[in-house]
Amino acid sequence: MYLQPDIIIRKGNQTIIVDTKWKIPNQGIPGEQDIRQVFAYGLYFLAQKVILLYPGNGTHAPIEAPFEHVPGHSSIDLSCSMDYANLVTGTGRLNKEFTKQFLTQLS
């Protein structure tokens, strides 16, 4: 099996995995399969944080929570968050500032 997340961000000793989705989460809640997928990425890549990134302007509040410790991996602290990628401006143009805004919020 080959695991390849969409985006891997390394900042110093921290690894952040971003998994982009092209669907809107049902009622603002990520699906179980999506959560399992990023959890597997987090363990495999020894990440401290995984992010599910959905399209849209965030009509539902972003979610962030830690995963429970896994037997045999109790030293890994992994949190998961869900956010929205607002890639289009109010005028229908491409949001050229998205990447900068997204990386700034990770600081």
# chains A, B, ... in the order shown; residues from 1 in each chain; ligands from 1
$ residues_around --residues "A:Phe102" --least-positions-apart "4" --cutoff "12 Å" --atoms "only C-alpha atoms" --output "ChimeraX atom specification"
/A:9,18,51,53,83-87,95-98,106-107
$ select_by_dssp --residues "chain A" --states "strand (DSSP E or B)" --output "ChimeraX atom specification"
/A:7-11,14-20,49-55,63-66,79-85,88,94
$ write_last_selection --atoms "N, CA, C and O atoms" --output "CSV table (one decimal), in the first residue's frame"
chain,number,residue,atom,x,y,z
A,7,ILE,N,-0.8,17.2,0.4
A,7,ILE,CA,0.2,18.3,0.8
A,7,ILE,C,0.9,17.8,2.1
A,7,ILE,O,0.2,17.5,3.1
A,8,ILE,N,2.2,17.9,2.1
A,8,ILE,CA,2.9,17.7,3.4
A,8,ILE,C,3.7,19.0,3.6
A,8,ILE,O,4.5,19.5,2.8
A,9,ILE,N,3.5,19.6,4.8
A,9,ILE,CA,4.2,20.8,5.2
A,9,ILE,C,5.1,20.5,6.4
A,9,ILE,O,4.7,19.9,7.4
A,10,ARG,N,6.4,20.8,6.2
A,10,ARG,CA,7.3,20.6,7.3
A,10,ARG,C,7.8,22.0,7.8
A,10,ARG,O,8.4,22.8,7.0
A,11,LYS,N,7.6,22.3,9.1
A,11,LYS,CA,8.1,23.5,9.7
A,11,LYS,C,8.9,23.1,10.9
A,11,LYS,O,8.4,22.7,11.9
A,14,GLN,N,8.0,20.1,13.1
A,14,GLN,CA,6.5,19.8,12.9
A,14,GLN,C,6.2,19.4,11.5
A,14,GLN,O,6.7,20.0,10.5
A,15,THR,N,5.4,18.3,11.4
A,15,THR,CA,4.8,17.9,10.1
A,15,THR,C,3.3,18.1,10.1
A,15,THR,O,2.7,17.6,11.1
A,16,ILE,N,2.8,18.7,9.1
A,16,ILE,CA,1.4,18.9,8.9
A,16,ILE,C,1.0,18.3,7.6
A,16,ILE,O,1.6,18.5,6.6
A,17,ILE,N,-0.1,17.5,7.7
A,17,ILE,CA,-0.6,16.8,6.5
A,17,ILE,C,-1.9,17.5,6.1
A,17,ILE,O,-2.8,17.7,7.0
A,18,VAL,N,-2.1,17.9,4.8
A,18,VAL,CA,-3.3,18.5,4.3
A,18,VAL,C,-3.9,17.6,3.3
A,18,VAL,O,-3.2,17.2,2.3
A,19,ASP,N,-5.1,17.2,3.5
A,19,ASP,CA,-5.8,16.3,2.5
A,19,ASP,C,-7.0,17.1,1.9
A,19,ASP,O,-7.9,17.5,2.7
A,20,THR,N,-6.9,17.5,0.7
A,20,THR,CA,-7.9,18.3,0.0
A,20,THR,C,-9.0,17.4,-0.4
A,20,THR,O,-8.8,16.3,-0.9
A,49,LYS,N,-0.2,17.2,13.1
A,49,LYS,CA,-1.5,17.8,12.8
A,49,LYS,C,-1.9,17.3,11.4
A,49,LYS,O,-1.1,17.2,10.5
A,50,VAL,N,-3.2,17.0,11.2
A,50,VAL,CA,-3.7,16.7,9.9
A,50,VAL,C,-4.9,17.6,9.7
A,50,VAL,O,-5.6,18.0,10.6
A,51,ILE,N,-5.1,18.0,8.4
A,51,ILE,CA,-6.1,19.0,8.1
A,51,ILE,C,-6.9,18.4,6.9
A,51,ILE,O,-6.4,18.1,5.9
A,52,LEU,N,-8.2,18.4,7.1
A,52,LEU,CA,-9.2,18.1,6.0
A,52,LEU,C,-9.6,19.5,5.4
A,52,LEU,O,-10.1,20.3,6.1
A,53,LEU,N,-9.3,19.7,4.1
A,53,LEU,CA,-9.5,21.0,3.5
A,53,LEU,C,-10.6,20.8,2.4
A,53,LEU,O,-10.4,20.2,1.4
A,54,TYR,N,-11.8,21.3,2.7
A,54,TYR,CA,-12.9,21.2,1.8
A,54,TYR,C,-13.1,22.5,1.0
A,54,TYR,O,-12.7,23.6,1.5
A,55,PRO,N,-13.8,22.5,-0.1
A,55,PRO,CA,-14.0,23.7,-0.9
A,55,PRO,C,-15.2,24.5,-0.2
A,55,PRO,O,-16.0,23.9,0.5
A,63,ILE,N,-13.5,22.9,12.5
A,63,ILE,CA,-13.5,22.0,13.7
A,63,ILE,C,-12.0,21.6,13.9
A,63,ILE,O,-11.2,21.4,13.0
A,64,GLU,N,-11.6,21.5,15.2
A,64,GLU,CA,-10.3,21.0,15.5
A,64,GLU,C,-10.4,20.2,16.8
A,64,GLU,O,-11.0,20.7,17.8
A,65,ALA,N,-9.8,19.1,16.8
A,65,ALA,CA,-9.8,18.2,18.0
A,65,ALA,C,-8.7,17.2,17.9
A,65,ALA,O,-8.2,16.8,16.8
A,66,PRO,N,-8.2,16.8,19.1
A,66,PRO,CA,-7.1,15.8,19.1
A,66,PRO,C,-7.7,14.4,18.9
A,66,PRO,O,-8.8,14.1,19.3
A,79,SER,N,-3.5,16.0,16.2
A,79,SER,CA,-4.8,16.6,16.1
A,79,SER,C,-5.3,16.7,14.7
A,79,SER,O,-4.5,16.7,13.7
A,80,CYS,N,-6.6,16.8,14.6
A,80,CYS,CA,-7.2,16.9,13.3
A,80,CYS,C,-8.0,18.2,13.2
A,80,CYS,O,-8.7,18.5,14.2
A,81,SER,N,-8.0,18.9,12.1
A,81,SER,CA,-8.9,20.0,11.9
A,81,SER,C,-9.5,20.0,10.6
A,81,SER,O,-9.0,19.3,9.7
A,82,MET,N,-10.6,20.6,10.4
A,82,MET,CA,-11.3,20.7,9.2
A,82,MET,C,-11.4,22.2,8.9
A,82,MET,O,-11.8,23.0,9.7
A,83,ASP,N,-11.2,22.5,7.6
A,83,ASP,CA,-11.3,23.9,7.2
A,83,ASP,C,-11.8,24.0,5.8
A,83,ASP,O,-12.0,23.0,5.1
A,84,TYR,N,-12.0,25.2,5.3
A,84,TYR,CA,-12.5,25.4,4.0
A,84,TYR,C,-11.6,26.2,3.2
A,84,TYR,O,-10.9,27.1,3.7
A,85,ALA,N,-11.5,25.9,1.9
A,85,ALA,CA,-10.6,26.6,0.9
A,85,ALA,C,-11.5,27.5,0.1
A,85,ALA,O,-12.2,27.1,-0.7
A,88,VAL,N,-12.3,31.3,-4.5
A,88,VAL,CA,-12.9,32.3,-5.4
A,88,VAL,C,-13.4,33.5,-4.6
A,88,VAL,O,-14.0,33.4,-3.5
A,94,LEU,N,-10.3,34.2,-9.1
A,94,LEU,CA,-9.4,33.3,-8.3
A,94,LEU,C,-8.8,34.1,-7.1
A,94,LEU,O,-8.3,35.2,-7.3
$ residues_around --residues "A:Asn13" --least-positions-apart "5" --cutoff "12 Å" --atoms "only C-alpha atoms" --output "JSON, numbers by chain"
{"A": [46, 47, 48, 49]}
$ atom_distance --atom1 "atom CA of A:Tyr2" --atom2 "atom CA of A:Phe39"
14.9 Å
$ atom_distance --atom1 "atom CA of A:Tyr41" --atom2 "atom CA of A:Gln4"
7.9 Å
$ closest_residue --among "A:Gly92, A:Pro71, A:Gly12, A:Gly56" --to "A:Gly28" --atoms "only C-alpha atoms"
A:Gly56
